[in-house]
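Source file: target_18.cif; contents: mmCIF, C-alpha atoms.
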```cif
data_model
loop_
_atom_site.label_atom_id
_atom_site.label_comp_id
_atom_site.auth_asym_id
_atom_site.auth_seq_id
_atom_site.Cartn_x
_atom_site.Cartn_y
_atom_site.Cartn_z
CA MET A 1 45.22 299.49 89.81
CA ARG A 2 45.21 296.02 88.21
CA LEU A 3 44.95 293.14 90.62
CA ASP A 4 48.16 291.49 89.38
CA ARG A 5 50.04 294.74 89.93
CA PHE A 6 48.56 295.10 93.42
CA ILE A 7 49.86 291.62 94.31
CA SER A 8 53.32 292.13 92.78
CA ASN A 9 53.68 295.45 94.62
CA LEU A 10 53.55 293.63 97.95
CA ALA A 11 57.06 293.16 99.33
CA ARG A 12 56.87 289.36 99.48
CA PHE A 13 55.58 288.78 95.94
CA ASN A 14 56.82 289.43 92.41
CA ARG A 15 55.06 289.34 89.04
CA GLN A 16 55.52 285.60 88.63
CA ASP A 17 54.09 285.00 92.10
CA ALA A 18 51.10 287.13 91.19
CA ARG A 19 50.40 285.08 88.07
CA GLN A 20 50.69 281.83 90.00
CA LEU A 21 48.40 283.00 92.79
CA LEU A 22 45.78 284.13 90.29
CA ALA A 23 45.93 280.81 88.46
CA SER A 24 45.64 278.87 91.71
CA GLY A 25 42.22 280.32 92.55
CA ARG A 26 43.41 281.39 96.01
CA LEU A 27 42.64 285.11 95.60
CA ARG A 28 39.29 286.64 96.44
CA VAL A 29 38.05 290.20 95.85
CA ASP A 30 35.00 291.19 97.87
CA GLY A 31 34.36 287.52 98.59
CA GLN A 32 34.54 286.37 94.96
CA THR A 33 37.35 284.15 93.65
CA VAL A 34 39.26 286.03 90.93
CA ALA A 35 41.69 284.67 88.35
CA ASP A 36 41.84 287.73 86.08
CA GLY A 37 44.88 289.87 86.84
CA CYS A 38 43.46 292.73 84.74
CA LEU A 39 40.66 293.29 87.25
CA GLN A 40 40.80 296.89 88.49
CA VAL A 41 40.85 297.14 92.28
CA ARG A 42 40.69 300.18 94.52
CA GLU A 43 41.08 301.02 98.18
CA PHE A 44 37.41 300.11 98.72
CA ASN A 45 37.90 296.46 97.71
CA ARG A 46 38.57 293.70 100.24
CA ILE A 47 41.34 291.46 98.89
CA GLU A 48 42.12 288.08 100.47
CA LEU A 49 44.66 285.31 99.90
CA ASP A 50 43.28 282.11 101.40
CA ASP A 51 42.35 283.23 104.94
CA GLU A 52 44.76 286.18 104.96
CA VAL A 53 43.47 289.71 104.39
CA LEU A 54 45.82 291.58 102.06
CA GLN A 55 43.61 294.70 102.00
CA ALA A 56 40.67 295.13 104.31
CA GLY A 57 39.00 297.72 102.11
CA LYS A 58 36.99 300.64 103.41
CA PRO A 59 33.39 301.63 102.83
CA ALA A 60 32.71 304.08 100.04
CA ARG A 61 30.59 306.93 101.39
CA PHE A 62 28.17 309.15 99.48
CA TYR A 63 26.14 311.99 100.96
CA LEU A 64 23.59 314.48 99.66
CA LEU A 65 23.59 317.84 101.45
CA HIS A 66 21.16 320.75 101.25
CA LYS A 67 23.73 323.55 101.31
CA PRO A 68 22.58 326.82 102.92
CA VAL A 69 23.75 330.25 101.81
CA GLY A 70 26.84 331.38 103.73
CA TYR A 71 28.67 328.04 103.73
CA VAL A 72 31.73 327.59 101.54
CA SER A 73 32.12 324.58 99.26
CA ALA A 74 35.48 323.48 100.66
CA THR A 75 36.72 321.05 103.28
CA LYS A 76 37.88 324.01 105.38
CA HIS A 77 38.11 327.79 105.06
CA PRO A 78 39.76 330.50 107.18
CA GLU A 79 36.82 332.94 107.02
CA HIS A 80 33.58 331.02 106.42
CA PRO A 81 32.03 327.82 107.78
CA SER A 82 32.56 324.81 105.55
CA VAL A 83 29.80 322.55 104.29
CA LEU A 84 31.59 319.70 106.06
CA ASP A 85 30.78 321.42 109.36
CA LEU A 86 27.16 320.44 108.72
CA LEU A 87 27.90 316.70 108.51
CA ASP A 88 27.84 314.64 111.69
CA VAL A 89 29.89 311.70 110.42
CA PRO A 90 33.26 310.20 111.44
CA ASP A 91 36.49 310.66 109.50
CA LYS A 92 35.37 313.79 107.70
CA HIS A 93 38.97 314.40 106.62
CA ASP A 94 38.51 311.56 104.09
CA LEU A 95 35.66 313.38 102.35
CA HIS A 96 35.68 315.81 99.45
CA LEU A 97 33.08 317.61 97.32
CA ALA A 98 31.80 316.25 94.03
CA GLY A 99 31.41 319.70 92.50
CA ARG A 100 30.77 322.94 94.34
CA LEU A 101 28.34 325.79 94.89
CA ASP A 102 29.27 329.43 95.47
CA LEU A 103 29.08 330.94 98.95
CA ASN A 104 25.78 332.68 98.17
CA THR A 105 24.27 329.72 96.28
CA SER A 106 22.15 327.12 98.04
CA GLY A 107 20.93 323.67 97.13
CA LEU A 108 22.00 320.14 96.34
CA LEU A 109 25.65 319.26 96.95
CA LEU A 110 27.29 315.83 96.77
CA ILE A 111 30.04 314.74 99.17
CA THR A 112 32.03 311.50 99.00
CA ASN A 113 35.32 309.74 99.71
CA ASP A 114 35.34 308.10 96.25
CA GLY A 115 37.52 310.19 93.98
CA HIS A 116 36.85 308.11 90.88
CA TRP A 117 33.07 308.50 91.28
CA SER A 118 33.27 312.26 91.82
CA ARG A 119 35.59 312.75 88.82
CA GLN A 120 33.07 310.96 86.60
CA LEU A 121 30.38 313.40 87.72
CA THR A 122 32.42 316.56 87.20
CA LEU A 123 34.14 315.80 83.88
CA PRO A 124 33.12 318.37 81.22
CA GLY A 125 31.88 315.59 78.94
CA SER A 126 29.60 313.99 81.52
CA ARG A 127 26.62 316.19 80.51
CA LEU A 128 24.86 315.36 83.76
CA PRO A 129 21.79 317.65 83.91
CA LYS A 130 21.76 320.12 86.79
CA VAL A 131 18.63 322.14 87.52
CA TYR A 132 18.75 325.60 89.14
CA ARG A 133 16.08 328.02 90.30
CA VAL A 134 17.21 331.56 89.46
CA GLN A 135 16.01 334.94 90.74
CA THR A 136 17.13 338.07 88.91
CA ALA A 137 17.16 341.82 89.32
CA GLN A 138 15.49 342.52 85.97
CA PRO A 139 12.60 340.79 84.17
CA ILE A 140 13.33 337.64 82.16
CA SER A 141 11.96 337.66 78.61
CA ALA A 142 11.32 334.95 76.02
CA GLU A 143 14.53 336.03 74.27
CA TYR A 144 16.51 334.41 77.10
CA VAL A 145 14.91 331.06 76.30
CA GLU A 146 15.98 331.24 72.65
CA VAL A 147 19.52 332.44 73.35
CA PHE A 148 20.18 329.86 76.07
CA ALA A 149 18.85 327.09 73.81
CA ARG A 150 21.33 328.07 71.08
CA GLY A 151 24.26 328.34 73.47
CA LEU A 152 26.32 331.37 74.49
CA TYR A 153 29.88 332.11 73.45
CA PHE A 154 32.30 332.53 76.37
CA ALA A 155 35.32 334.44 75.08
CA TYR A 156 37.52 333.66 78.08
CA GLU A 157 37.38 329.89 77.40
CA ASP A 158 36.82 330.36 73.64
CA LEU A 159 33.83 328.03 73.68
CA THR A 160 30.10 327.99 73.20
CA THR A 161 27.98 326.59 76.03
CA LEU A 162 25.86 323.53 75.44
CA PRO A 163 22.15 324.18 74.79
CA ALA A 164 20.36 324.92 78.06
CA GLU A 165 16.65 324.80 78.87
CA LEU A 166 15.05 327.82 80.53
CA GLN A 167 11.55 327.76 81.99
CA ILE A 168 10.20 331.17 83.01
CA LEU A 169 8.36 330.89 86.34
CA GLY A 170 7.64 334.56 86.96
CA PRO A 171 8.76 338.04 85.87
CA ARG A 172 12.12 337.65 87.62
CA GLU A 173 12.28 333.92 88.33
CA ALA A 174 13.15 330.93 86.15
CA ARG A 175 14.28 327.32 86.24
CA LEU A 176 17.46 326.61 84.27
CA THR A 177 18.77 323.18 83.25
CA LEU A 178 22.47 322.96 82.38
CA HIS A 179 24.38 320.00 81.01
CA GLU A 180 27.84 321.25 81.96
CA GLY A 181 29.47 323.19 84.78
CA ARG A 182 31.49 326.16 83.59
CA TYR A 183 32.91 328.75 85.99
CA HIS A 184 30.06 330.96 87.32
CA GLN A 185 28.09 329.77 84.30
CA VAL A 186 24.59 330.77 85.42
CA LYS A 187 25.63 334.27 86.43
CA ARG A 188 27.58 334.74 83.20
CA MET A 189 24.67 333.56 81.07
CA PHE A 190 22.28 336.05 82.64
CA GLY A 191 25.07 338.61 82.56
CA HIS A 192 24.87 338.40 78.76
CA PHE A 193 21.62 340.37 79.18
CA ARG A 194 23.12 342.55 81.93
CA ASN A 195 20.70 340.97 84.36
CA GLN A 196 22.14 340.34 87.82
CA VAL A 197 21.43 337.02 89.52
CA LEU A 198 20.14 337.76 93.03
CA GLY A 199 19.34 334.22 94.11
CA LEU A 200 20.56 330.83 92.91
CA HIS A 201 19.45 327.42 94.19
CA ARG A 202 20.34 323.99 92.78
CA GLU A 203 17.31 321.71 92.90
CA SER A 204 18.65 318.53 91.35
CA ILE A 205 21.57 316.69 89.77
CA GLY A 206 20.58 313.97 87.34
CA ALA A 207 17.88 311.85 88.98
CA LEU A 208 18.72 313.19 92.46
CA HIS A 209 16.39 315.81 93.95
CA LEU A 210 16.48 317.64 97.27
CA GLY A 211 12.84 316.82 97.88
CA GLU A 212 11.77 317.89 101.37
CA LEU A 213 15.29 317.81 102.84
CA PRO A 214 15.59 320.97 105.01
CA SER A 215 18.32 323.53 104.49
CA GLY A 216 21.50 322.42 106.29
CA ALA A 217 20.38 318.78 106.49
CA TRP A 218 22.01 315.80 104.78
CA ARG A 219 21.44 312.12 104.11
CA ALA A 220 23.37 309.15 102.75
CA LEU A 221 22.73 308.14 99.16
CA THR A 222 21.28 304.71 98.48
CA VAL A 223 23.21 302.18 96.39
CA GLN A 224 20.69 302.69 93.61
CA GLU A 225 21.14 306.48 93.67
CA VAL A 226 24.93 306.13 93.46
CA ARG A 227 24.61 303.83 90.46
CA GLN A 228 22.11 306.10 88.72
CA LEU A 229 24.69 308.86 88.52
CA GLN A 230 27.35 306.67 86.95
CA PRO A 231 27.84 307.33 83.20
CA GLY A 232 26.81 303.85 82.06
CA ASN A 233 23.53 303.98 83.98
CA ARG A 234 22.04 307.28 82.82
CA THR A 235 20.81 308.90 79.65
CA VAL A 236 23.02 311.69 78.29
CA PRO A 237 21.44 314.25 75.95
#
```

Kindly transcribe the structure held in the file into structure tokens.
Amino acid sequence: MRLDRFISNLARFNRQDARQLLASGRLRVDGQTVADGCLQVREFNRIELDDEVLQAGKPARFYLLHKPVGYVSATKHPEHPSVLDLLDVPDKHDLHLAGRLDLNTSGLLLITNDGHWSRQLTLPGSRLPKVYRVQTAQPISAEYVEVFARGLYFAYEDLTTLPAELQILGPREARLTLHEGRYHQVKRMFGHFRNQVLGLHRESIGALHLGELPSGAWRALTVQEVRQLQPGNRTVP
């Protein structure tokens, strides 16, 4: 919310108090003196009035996980182990998934406690490229490349998918780059050719790659990696 609203929402201050405090130069956000009441602050910001802490703030956390097959993309599940079971970090109840992978899909998954950041990644208009390695029951022909590049019509949503890039790696294996995340999109795209997807693995999201991270392992994202995924810091096709 706006900083002036944050101040006026405190029991001991009103809107006029907030304006006066801002003008006095007594307010600091993350150590910097702030006089602009329009500044947007969140639960991660430390807000101080003189030597008094009005909000201590909490660290934003961002993790990259190599999800194995058989783990559900949820914070908890009654029948299957959750991907959060793989993380050895405190306060896991504060975390949520920035996107998801199906139970039988493996690969790169992002986990965070920053809802604003994760929403930016998963909005339909974000067009963040996601790369998948796909294994199919039937051979993959050059026709797939042309059809995927044009886009496929999904009657259920009454929309045409964005152009996707398909690189054929073998008779029944390909690498697919999507710029959106529709429901079961990869399986539905190959289903257009009545070709069942037998294996699906997400290799990368934007500039983030799994690299040599073993299945089931995780690591924290660097500050630079977090910023690279933000809309203003990446190239959108």

Selection result for the PyMOL selection byres ((chain A and resi 177-185) around 6) on this file, as a ChimeraX atom specification: /A:127-131,164-165,176,186-188

Residues matched by the PyMOL selection byres ((chain A and resi 65-82) around 9), written as an NGL selection string: :A and (63-64 or 83-87 or 92-93 or 95-97 or 99-111 or 210 or 213-220)

Write a file of the just-selected residues containing C-alpha atoms, as a PDB file, in the coordinates of the input.
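Final output, saved to selection32.pdb:
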```
ATOM      1  CA  TYR A  63      26.140 311.990 100.960  1.00  0.00           C
ATOM      2  CA  LEU A  64      23.590 314.480  99.660  1.00  0.00           C
ATOM      3  CA  VAL A  83      29.800 322.550 104.290  1.00  0.00           C
ATOM      4  CA  LEU A  84      31.590 319.700 106.060  1.00  0.00           C
ATOM      5  CA  ASP A  85      30.780 321.420 109.360  1.00  0.00           C
ATOM      6  CA  LEU A  86      27.160 320.440 108.720  1.00  0.00           C
ATOM      7  CA  LEU A  87      27.900 316.700 108.510  1.00  0.00           C
ATOM      8  CA  LYS A  92      35.370 313.790 107.700  1.00  0.00           C
ATOM      9  CA  HIS A  93      38.970 314.400 106.620  1.00  0.00           C
ATOM     10  CA  LEU A  95      35.660 313.380 102.350  1.00  0.00           C
ATOM     11  CA  HIS A  96      35.680 315.810  99.450  1.00  0.00           C
ATOM     12  CA  LEU A  97      33.080 317.610  97.320  1.00  0.00           C
ATOM     13  CA  GLY A  99      31.410 319.700  92.500  1.00  0.00           C
ATOM     14  CA  ARG A 100      30.770 322.940  94.340  1.00  0.00           C
ATOM     15  CA  LEU A 101      28.340 325.790  94.890  1.00  0.00           C
ATOM     16  CA  ASP A 102      29.270 329.430  95.470  1.00  0.00           C
ATOM     17  CA  LEU A 103      29.080 330.940  98.950  1.00  0.00           C
ATOM     18  CA  ASN A 104      25.780 332.680  98.170  1.00  0.00           C
ATOM     19  CA  THR A 105      24.270 329.720  96.280  1.00  0.00           C
ATOM     20  CA  SER A 106      22.150 327.120  98.040  1.00  0.00           C
ATOM     21  CA  GLY A 107      20.930 323.670  97.130  1.00  0.00           C
ATOM     22  CA  LEU A 108      22.000 320.140  96.340  1.00  0.00           C
ATOM     23  CA  LEU A 109      25.650 319.260  96.950  1.00  0.00           C
ATOM     24  CA  LEU A 110      27.290 315.830  96.770  1.00  0.00           C
ATOM     25  CA  ILE A 111      30.040 314.740  99.170  1.00  0.00           C
ATOM     26  CA  LEU A 210      16.480 317.640  97.270  1.00  0.00           C
ATOM     27  CA  LEU A 213      15.290 317.810 102.840  1.00  0.00           C
ATOM     28  CA  PRO A 214      15.590 320.970 105.010  1.00  0.00           C
ATOM     29  CA  SER A 215      18.320 323.530 104.490  1.00  0.00           C
ATOM     30  CA  GLY A 216      21.500 322.420 106.290  1.00  0.00           C
ATOM     31  CA  ALA A 217      20.380 318.780 106.490  1.00  0.00           C
ATOM     32  CA  TRP A 218      22.010 315.800 104.780  1.00  0.00           C
ATOM     33  CA  ARG A 219      21.440 312.120 104.110  1.00  0.00           C
ATOM     34  CA  ALA A 220      23.370 309.150 102.750  1.00  0.00           C
TER      35      ALA A 220
END
```

Explicit residues for the PyMOL selection byres ((chain A and resi 54) around 12) (as a PyMOL selection string): chain A and resi 3+6-13+27-30+43+45-53+55-57

Where is the centre and how long are the edges: axis-aligned box on stretch 159-174 of chain A, 5 Å on each side, Å to one decimal, as JSON:
```
{"center_x": 20.7, "center_y": 330.8, "center_z": 80.8, "size_x": 36.2, "size_y": 24.5, "size_z": 25.1}
```

Distance of atom CA of A:Arg202 from atom CA of A:Asp114, expressed in Å to one decimal place: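 Interatomic distance here is 22.1 Å.
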
Å distance separating atom CA of A:Gln138 from atom CA of A:His201, one decimal place: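 Atom CA of A:Gln138 sits 17.6 Å away from atom CA of A:His201.
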
Point-to-point distance in Å for atom CA of A:Leu208 and atom CA of A:Ala174: 19.6 Å

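Shortest separation to A:Gly206 among A:Leu39, A:Leu121, A:Tyr156, A:Phe44 occurs at residue A:Leu121, atoms counted being all atoms listed in the file.
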
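Proximity to A:Leu21 at 10 Å, evaluated using only C-alpha atoms and with sequence-adjacent residues fewer than 2 positions away removed, yields A:Asp4, A:Ile7, A:Phe13, A:Arg15, A:Gln16, A:Asp17, A:Ala18, A:Arg19, A:Ala23, A:Ser24, A:Gly25, A:Arg26, A:Leu27, A:Val34, A:Ala35, A:Gly37, A:Leu49.
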
Selected residue of minimal separation from A:Gly199 among A:Val145, A:Arg172, A:Arg42, A:Ala155, counting only C-alpha atoms: A:Arg172
